[in-house]
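**Student:** Before I ask anything, here is the structure I am working with.
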Amino acid sequence: MHLINKPNSLIAISMLAAFSLTGCDNSTSTDIPKLSIQPKNVILMISDGASDGAWDIASYWENGKLANNSAPYTKLSTRFAMTTFPLSTNGPDTICGDEVETISYDKDQVWDETSFTSDPADKYQRPFAGYEYISKNVTDSAAAGTALATGHKTYNGAISVDHCGRPLESITHIAKANGLSTGIITSVQFDHATPAVFGANNVSRNNYEAIGHDMLTQGEADLIMGAGHPQFDSDGKLRTTANFEYKYINAEDWASLNSGILTPAGSDTSWSLIDNKADFESLANNTASSEVLTGPLFGLVPVGYTLQQGRTCTAGKNEHVAFDCDMTATVPSLQTMTQGAINYLSQNEKGFFLMVEGGAVDWAAHANQTARIIEEQVDFNHSVSAVIAWVEQNSNWDETLLIVTTDHGNSYVLGGASDQNAYAPVENPGKGVMPEVKYYSGDHTLELVRLYARGKGAETLSDFVKGNDEGYAINYNNIGSNGDYVDNTNVFDLMKQVIVAP
Ligand SMILES: [Zn+2]
């Protein structure tokens, strides 16, 4: 973050000095050459674990309409499908040979409506062969995130390392090397799989302490925000000292952060730490102190695991109705965090890279919690709206690329008739009414997912198309896409293309 303001001021002063030395002594201030930096902003937003229906049930709840016919998605008219499969479901390889792709996407098997009989002991009965197919060989968030962040497919569990466990260069690193400021924010733990792939390299997503340490010391990101606070539980209540949980950040790093002595590589100054809601709101409202705005910034939300998805439902309220349970009042929304992150990062006249993860859509889907999928996806949608508003008010689509997607499906999120009619989508129950949803899994799924884009370079997405799946266009509600699909690695390709372009 030492890149912000000062270097540009120095360039301006040196340019002015050079100009004076050429003998143009009588020049007026209007003759001072202007800096010709055109910012490049790349914003990647990931609603983790959003099957096609997850986008729509949130929009039905809030707008009474399909997501693609509602804000903010009406502003994102470039719509594709995307494959998410991993290189392999386990690894790393003990003998480092050639990379072998063993998993693929076969549209004929996805839309196979042949009746299927699950093992009667299975919790989930899948009535069609296609349902069974998309439940197998699924990616996890680490492999999917690595594909998005580095352009490489890898094994499940890998944090930006290849099939042999060798570190891969992330888009965050490339952005920083090109002079951009960099930010990683999430609604789950700051070093959970998806944020981790943008700020660290590790052979296993489960090495939270090491991943958290690397994210805070290796200097990839100027800004990190997320949950995983050692002192607070899943309801945002202060734990007793004996129960502080140093799982996501170790006690030593936590002490160093609080003492103001933890400094990331490449930075002149140590991390500023904010960990209360008011400070997140100040950042979002443009009233943050200069101290917060001038060094690397770590925003640790005062909650254990997720902003809101893991909260206990208030007595007397209905956990099966979206937003009925009281929200944890001490926790900022992802929208507030997103607004704050942009205010911070956009100080750099060269631009920024920001990854925003709505991480708990996935957690709610794992648990088949319709109400909480809606809540989490609504906050994510508001975050997308905040980004679009910023672009339209403070930037423009010629200098900013926005990509909105998910890393994989989770649990199907299909309609009430989907046990009779294969892939029948959730029906619109109207605004503010809970929809009828059927789940056929409590885990990730292999189907094509949504990819939205707008702005600088977005038109080149069509160059990456790998194939067309007419079943996707017919059965899913990503209205405006014709079933053309790209691969998740192409998201990296597009972002890199924009960032490194002259
Ligand atoms: Zn995921």
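In the structure tokens, chains take the letters A, B, ... in the order shown, each chain's residues start at 1, and ligands count up from 1 in the order shown.
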Could you pull out the residues sitting within 8 Å of ligand 1, using only C-alpha atoms and all ligand atoms, and write them as a list in words?
**Tutor:**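 Using only C-alpha atoms and all ligand atoms, everything at most 8 Å from ligand 1 comes to Asp48, Gly49, Asp140, Ser141, Ala142, Ala144, Gly145, Ala193, Thr194, Gly359, Asp362, Thr406, Asp407, His408 and His444 of chain A.
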**Student:** Compile a residue-level contact table for region 144-220 of chain A against region 236-258 of chain A at a cut-off of 7 Å, reporting for every qualifying residue the shortest atom pair and its distance in Å to one decimal, with only C-alpha atoms counted, rows ordered by chain and ascending number, as CSV.
**Tutor:**
residue,atom,partner,partner_atom,distance
A:Asp191,CA,A:Tyr248,CA,6.7
A:Tyr208,CA,A:Tyr248,CA,5.3
A:Glu209,CA,A:Tyr248,CA,5.3
A:Gly212,CA,A:Ile249,CA,5.7
A:His213,CA,A:Ile249,CA,6.8
**Student:** Considering only C-alpha atoms, tabulate each residue of region 428-459 of chain A that lies at most 8 Å from region 414-422 of chain A along with its nearest interatomic pair and the corresponding distance in Å to one decimal; arrange the rows by chain and ascending residue number and present them as a tab-separated table.
**Tutor:**
residue	atom	partner	partner_atom	distance
A:Glu436	CA	A:Gly416	CA	5.5
A:Val437	CA	A:Gly415	CA	4.9
A:Lys438	CA	A:Leu414	CA	5.2
A:Tyr439	CA	A:Leu414	CA	6.5
**Student:** Would you output that residue set with C-alpha atoms, as a compact mmCIF listing (two decimals), in the first residue's frame?
**Tutor:**
# COMPACT_ATOMS: atom_id res chain seq x y z
CA GLU A 436 -40.23 -24.68 -2.20
CA VAL A 437 -36.75 -26.13 -2.73
CA LYS A 438 -35.60 -29.74 -3.13
CA TYR A 439 -32.01 -30.80 -2.47
**Student:** Leaving out Lys65 (chain A) and any residue of its chain fewer than 4 positions from it, which residues lie within 10 Å of it when counting only C-alpha atoms, given as a list of chain:residue names?
**Tutor:**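 My list of contacting residues is A:Asp56, A:Ile57, A:Ala58, A:Ser59, A:Tyr60, A:Trp61, A:Asn69, A:Ser70, A:Ala71, A:Asn428, A:Pro429, A:Gly430, A:Lys431.
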**Student:** Quick one: DSSP helix (DSSP H, G or I) residues in region 73-276 of chain A, as number ranges by chain?
**Tutor:** A: 73-75, 107-110, 129-133, 141-150, 171-177, 193-197, 208-217, 241-243, 251-259
**Student:** I'd like the contact shell of region 469-482 of chain A - 8 Å cut-off, only C-alpha atoms, skipping same-chain residues fewer than 3 positions apart - returned as a PyMOL selection string.
**Tutor:** chain A and resi 52-53+56+66+68+77-81+107+111+423-425+448+450+485
**Student:** Could you pull out the strand (DSSP E) residues of region 219-427 of chain A from DSSP and send them as a PyMOL selection string?
**Tutor:** chain A and resi 223-227+272-274+297-300+351-358+400-405+409-410+414-415
**Student:** Using only C-alpha atoms, which protein or nucleic acid residues come within 8 Å of Ile499 (chain A)? Drop anything in the same chain fewer than 2 positions from it, and give the result as a list of chain:residue names.
**Tutor:**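 Skipping anything fewer than 2 positions along the chain leaves A:Lys40, A:Val42, A:Ile174, A:Ala175, A:Asn178, A:Met495, A:Lys496, A:Gln497, A:Ala501.
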**Student:** I'd like to know which of A:Gly310, A:Pro435, A:Gly260, A:Gly316 is closest to Glu291 (chain A), using only C-alpha atoms.
**Tutor:** A:Gly260
**Student:** Applying 8 Å and only C-alpha atoms, which residues near Asp162 (chain A) remain after dropping the ones on its own chain fewer than 6 positions away? List them as a VMD selection string.
**Tutor:** chain A and resid 92 152 to 155 168
**Student:** Could you write out that same residue set with N, CA and C atoms as a PDB file, in the first residue's frame?
**Tutor:**
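What landed in again-v9.pdb:
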ATOM      1  N   PRO A  92      -1.283 -34.000  -3.095  1.00  0.00           N
ATOM      2  CA  PRO A  92      -0.502 -33.913  -4.332  1.00  0.00           C
ATOM      3  C   PRO A  92       0.096 -35.255  -4.730  1.00  0.00           C
ATOM      4  N   HIS A 152      -4.627 -22.600 -13.297  1.00  0.00           N
ATOM      5  CA  HIS A 152      -4.217 -24.011 -13.325  1.00  0.00           C
ATOM      6  C   HIS A 152      -5.234 -24.880 -12.601  1.00  0.00           C
ATOM      7  N   LYS A 153      -5.604 -25.975 -13.221  1.00  0.00           N
ATOM      8  CA  LYS A 153      -6.398 -26.967 -12.498  1.00  0.00           C
ATOM      9  C   LYS A 153      -5.460 -27.758 -11.597  1.00  0.00           C
ATOM     10  N   THR A 154      -5.984 -28.178 -10.455  1.00  0.00           N
ATOM     11  CA  THR A 154      -5.153 -28.913  -9.519  1.00  0.00           C
ATOM     12  C   THR A 154      -6.032 -29.880  -8.733  1.00  0.00           C
ATOM     13  N   TYR A 155      -5.461 -30.443  -7.674  1.00  0.00           N
ATOM     14  CA  TYR A 155      -6.193 -31.431  -6.881  1.00  0.00           C
ATOM     15  C   TYR A 155      -7.020 -30.744  -5.791  1.00  0.00           C
ATOM     16  N   LEU A 168       2.115 -21.836  -7.367  1.00  0.00           N
ATOM     17  CA  LEU A 168       1.702 -21.204  -8.615  1.00  0.00           C
ATOM     18  C   LEU A 168       1.569 -19.705  -8.386  1.00  0.00           C
TER      19      LEU A 168
END
